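Q: This structure is in structure tokens; I'll ask about it shortly.
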Amino acid sequence: MTKTAILVDGGFYRKRARKLWGIKTPEERANELNAYVFKHLNKRDGNSKRELYRIFYYDCPPVQSTVYHPLLKQNINFGKLETYAWTLGFFNALKTKRKVALRMGKLSDVKPHFMLDPDKVKKLCASSITVDDLSEKDFRISFMQKGVDMRMGIDISSLAYEGIVNQIILISGDSDFVPAAKAARRKGIDFILDPMGNSISSDLMEHIDGKESFVDNDPVKKPYKKNDE
């Protein structure tokens, strides 16, 4: 039996899942994440079954500040937007799932602000477009998280050095985890990365024991078959 801990980079998962499987309610997304995680657990390592230790979910509270939008020339109260309520609802739905532990960071003291898409900045500087060519979708909210990566690193180290698990599966598209992964592997932990279908560099492959993703179908829907018609 392989004792497995699954760590989920929440911001990455939510963004990637929305692109892969569309917009969902908070409860639907939480059910989807739970189903996706268990696809990993249903896979065997040779003749060894995987047994779940715990699912660790890392994220940050949503922005609820009032932020000035430079194009719209008005203040946007993020605490009153649907996104704010959706995110809190999603976190609450995850809390009801068995063996799910939320590891929450916090927003930094740096004030959130809107940033213009880098490609649009280049075009503006090259005078190939003007401000009149910009639209609201060319701007995104920018803010900094504190404590999320630190909590993930501490948990990886603790799981490895205390011998709690044999295997760690990390769902993430970031490479910041590499130092912790290297330390875990030195303790004999089988470290698997799930980039949810994204490609990873050969350099990154050097620091993990393998990668696996299950993105061909929505995890809460049956795969489409021709004879289902």
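Chain lettering (A, B, ...) mirrors the order of the structure tokens, residue numbering begins at 1 for each chain separately, and ligand numbering begins at 1 in order of display.
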Can you tell me, as a PyMOL selection string, which residues in chain A count as strand (DSSP E or B) by DSSP?
A: chain A and resi 2-9+45+48+50-59+66-69+74-77+100-104+106-107+113-116+139-142+145-146+167-171+190-194+210-211
Q: For stretch 195-209 of chain A, please output as number ranges by chain all residues within 6 Å (counting only C-alpha atoms; exclusion window: fewer than 6 positions along the same chain).
A: A: 171-173
Q: Just to be explicit: take each residue in the selection above, keep C-alpha atoms, and write the result as a PDB file, in the first residue's frame.
A:
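Contents of selection-v8.pdb, freshly written:
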```
ATOM      1  CA  ILE A 171      -1.129  19.608  -8.636  1.00  0.00           C
ATOM      2  CA  SER A 172       0.591  22.789  -9.782  1.00  0.00           C
ATOM      3  CA  GLY A 173       2.039  24.637 -12.736  1.00  0.00           C
TER       4      GLY A 173
END
```
Q: Which distance in Å separates atom CA of A:Val178 and atom CA of A:Gly147, to one decimal?
A: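 Atom CA of A:Val178 sits 16.7 Å away from atom CA of A:Gly147.
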Q: Based on the backbone DSSP call, show me all residues of chain A assigned alpha helix (DSSP H), as a VMD selection string.
A: chain A and resid 10 to 21 26 to 41 82 to 95 118 to 125 148 to 161 178 to 186 202 to 205
Q: Would you write out those residues with C-alpha atoms, as a CSV table (one decimal), in the first residue's frame?
A:
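part.csv was written with the following content:
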```
chain,number,residue,atom,x,y,z
A,10,GLY,CA,-5.6,26.3,-5.5
A,11,GLY,CA,-5.1,29.3,-7.7
A,12,PHE,CA,-3.6,27.2,-10.5
A,13,TYR,CA,-6.3,24.5,-10.2
A,14,ARG,CA,-9.2,27.0,-10.4
A,15,LYS,CA,-7.8,28.8,-13.4
A,16,ARG,CA,-6.9,25.6,-15.2
A,17,ALA,CA,-10.2,23.8,-14.4
A,18,ARG,CA,-12.2,26.8,-15.7
A,19,LYS,CA,-10.3,26.6,-19.0
A,20,LEU,CA,-10.7,22.9,-19.3
A,21,TRP,CA,-14.2,22.3,-18.0
A,26,PRO,CA,-18.8,26.7,-6.1
A,27,GLU,CA,-20.3,23.4,-5.1
A,28,GLU,CA,-19.8,21.9,-8.6
A,29,ARG,CA,-16.2,23.0,-8.7
A,30,ALA,CA,-15.5,21.5,-5.2
A,31,ASN,CA,-17.1,18.2,-6.3
A,32,GLU,CA,-15.0,18.3,-9.5
A,33,LEU,CA,-11.8,18.9,-7.6
A,34,ASN,CA,-12.5,16.0,-5.2
A,35,ALA,CA,-13.3,13.7,-8.2
A,36,TYR,CA,-10.2,14.8,-10.0
A,37,VAL,CA,-8.0,14.0,-7.0
A,38,PHE,CA,-9.4,10.5,-6.7
A,39,LYS,CA,-8.4,9.8,-10.3
A,40,HIS,CA,-4.9,9.8,-8.9
A,41,LEU,CA,-5.8,7.5,-6.1
A,82,GLU,CA,-19.9,37.8,-7.7
A,83,THR,CA,-16.3,36.5,-7.9
A,84,TYR,CA,-15.8,37.3,-4.2
A,85,ALA,CA,-18.9,35.4,-3.1
A,86,TRP,CA,-18.1,32.5,-5.4
A,87,THR,CA,-14.6,32.1,-4.0
A,88,LEU,CA,-15.8,32.1,-0.4
A,89,GLY,CA,-18.6,29.6,-1.4
A,90,PHE,CA,-16.0,27.4,-3.0
A,91,PHE,CA,-13.8,27.4,0.1
A,92,ASN,CA,-16.8,26.5,2.3
A,93,ALA,CA,-17.7,23.7,0.0
A,94,LEU,CA,-14.2,22.3,0.2
A,95,LYS,CA,-14.3,22.3,4.0
A,118,PRO,CA,2.0,43.4,-21.5
A,119,ASP,CA,1.3,42.9,-25.2
A,120,LYS,CA,-0.9,46.0,-25.1
A,121,VAL,CA,1.8,47.9,-23.3
A,122,LYS,CA,4.2,47.1,-26.1
A,123,LYS,CA,1.8,48.2,-28.8
A,124,LEU,CA,1.0,51.4,-26.9
A,125,CYS,CA,4.8,52.2,-26.7
A,148,VAL,CA,1.0,30.1,0.5
A,149,ASP,CA,4.3,28.8,-0.9
A,150,MET,CA,5.8,28.8,2.6
A,151,ARG,CA,2.9,26.6,3.9
A,152,MET,CA,3.3,24.2,0.9
A,153,GLY,CA,7.1,23.9,1.5
A,154,ILE,CA,6.6,23.3,5.2
A,155,ASP,CA,4.0,20.6,4.6
A,156,ILE,CA,6.2,18.8,2.0
A,157,SER,CA,9.1,18.8,4.4
A,158,SER,CA,7.1,17.7,7.3
A,159,LEU,CA,5.4,14.8,5.4
A,160,ALA,CA,8.8,13.6,4.2
A,161,TYR,CA,11.0,14.0,7.3
A,178,VAL,CA,11.5,22.3,-6.5
A,179,PRO,CA,13.7,22.9,-3.4
A,180,ALA,CA,11.0,21.1,-1.2
A,181,ALA,CA,10.7,18.4,-3.8
A,182,LYS,CA,14.4,17.7,-3.8
A,183,ALA,CA,14.4,17.5,0.0
A,184,ALA,CA,11.5,15.1,-0.1
A,185,ARG,CA,13.1,12.8,-2.7
A,186,ARG,CA,16.2,12.6,-0.6
A,202,SER,CA,13.1,18.9,-19.1
A,203,ASP,CA,15.0,20.7,-16.3
A,204,LEU,CA,11.9,20.4,-14.1
A,205,MET,CA,11.5,16.7,-14.9
```
Q: Could you produce a table of the residues of stretch 133-169 of chain A lying within 10 Å of stretch 60-65 of chain A, with the nearest pair of atoms per residue and their separation in Å rounded to one decimal, using only C-alpha atoms, ordered by chain and increasing residue number, as CSV?
A:
```
residue,atom,partner,partner_atom,distance
A:Ile141,CA,A:Val63,CA,9.2
A:Ser142,CA,A:Val63,CA,9.7
A:Phe143,CA,A:Val63,CA,8.1
A:Met144,CA,A:Cys60,CA,9.6
A:Gln145,CA,A:Cys60,CA,6.6
A:Lys146,CA,A:Cys60,CA,8.1
A:Gly147,CA,A:Cys60,CA,8.7
A:Val148,CA,A:Cys60,CA,7.1
```
Q: Generate a file of the selected residues that holds N, CA and C atoms, formatted as a PDB file, in the first residue's frame.
A:
```pdb
ATOM      1  N   ILE A 141      -6.626  42.398 -12.402  1.00  0.00           N
ATOM      2  CA  ILE A 141      -6.298  42.808 -11.050  1.00  0.00           C
ATOM      3  C   ILE A 141      -4.988  42.144 -10.630  1.00  0.00           C
ATOM      4  N   SER A 142      -4.130  42.880  -9.971  1.00  0.00           N
ATOM      5  CA  SER A 142      -2.842  42.361  -9.518  1.00  0.00           C
ATOM      6  C   SER A 142      -2.745  42.511  -8.003  1.00  0.00           C
ATOM      7  N   PHE A 143      -2.377  41.421  -7.340  1.00  0.00           N
ATOM      8  CA  PHE A 143      -2.189  41.454  -5.897  1.00  0.00           C
ATOM      9  C   PHE A 143      -1.167  40.383  -5.525  1.00  0.00           C
ATOM     10  N   MET A 144      -0.621  40.481  -4.339  1.00  0.00           N
ATOM     11  CA  MET A 144       0.409  39.538  -3.898  1.00  0.00           C
ATOM     12  C   MET A 144      -0.100  38.695  -2.741  1.00  0.00           C
ATOM     13  N   GLN A 145       0.224  37.398  -2.807  1.00  0.00           N
ATOM     14  CA  GLN A 145      -0.115  36.489  -1.725  1.00  0.00           C
ATOM     15  C   GLN A 145       1.065  36.353  -0.774  1.00  0.00           C
ATOM     16  N   LYS A 146       0.747  36.049   0.471  1.00  0.00           N
ATOM     17  CA  LYS A 146       1.788  35.805   1.470  1.00  0.00           C
ATOM     18  C   LYS A 146       1.493  34.483   2.169  1.00  0.00           C
ATOM     19  N   GLY A 147       2.528  33.661   2.295  1.00  0.00           N
ATOM     20  CA  GLY A 147       2.405  32.458   3.113  1.00  0.00           C
ATOM     21  C   GLY A 147       1.965  31.202   2.402  1.00  0.00           C
ATOM     22  N   VAL A 148       1.484  31.303   1.151  1.00  0.00           N
ATOM     23  CA  VAL A 148       0.984  30.110   0.460  1.00  0.00           C
ATOM     24  C   VAL A 148       2.130  29.160   0.125  1.00  0.00           C
TER      25      VAL A 148
END
```
Q: Can you pull out the residues contacting A:Asn166? Cut-off 10 Å, using only C-alpha atoms, and skip same-chain residues under 5 positions away; I want them as a count of residues only.
A: 16
Q: In Å, with one decimal, what is the gap from atom CA of A:Asp9 to atom CA of A:Asn47?
A: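 A separation of 28.8 Å between them.
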Q: Using only C-alpha atoms, which residue out of A:Ile129, A:Leu7, A:Val110, A:Met115 lies closest to A:Gln167?
A: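 Result for the nearest residue to A:Gln167: A:Leu7.
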Q: Could you state the separation of atom CA of A:His113 and atom CA of A:His69 in Å, given to one decimal place?
A: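 Going from atom CA of A:His113 over to atom CA of A:His69 covers 7.9 Å.
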Q: Which is closest to A:Arg103 among A:Val8, A:Leu81, A:Leu52, A:Ala126, if we use only C-alpha atoms?
A: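 Nearest candidate to A:Arg103 out of A:Val8, A:Leu81, A:Leu52, A:Ala126: A:Val8.
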Q: Using only C-alpha atoms, which of the listed residues (A:Phe214, A:Phe114, A:Asp174, A:Leu72) sits closest to A:Asp132?
A: A:Leu72
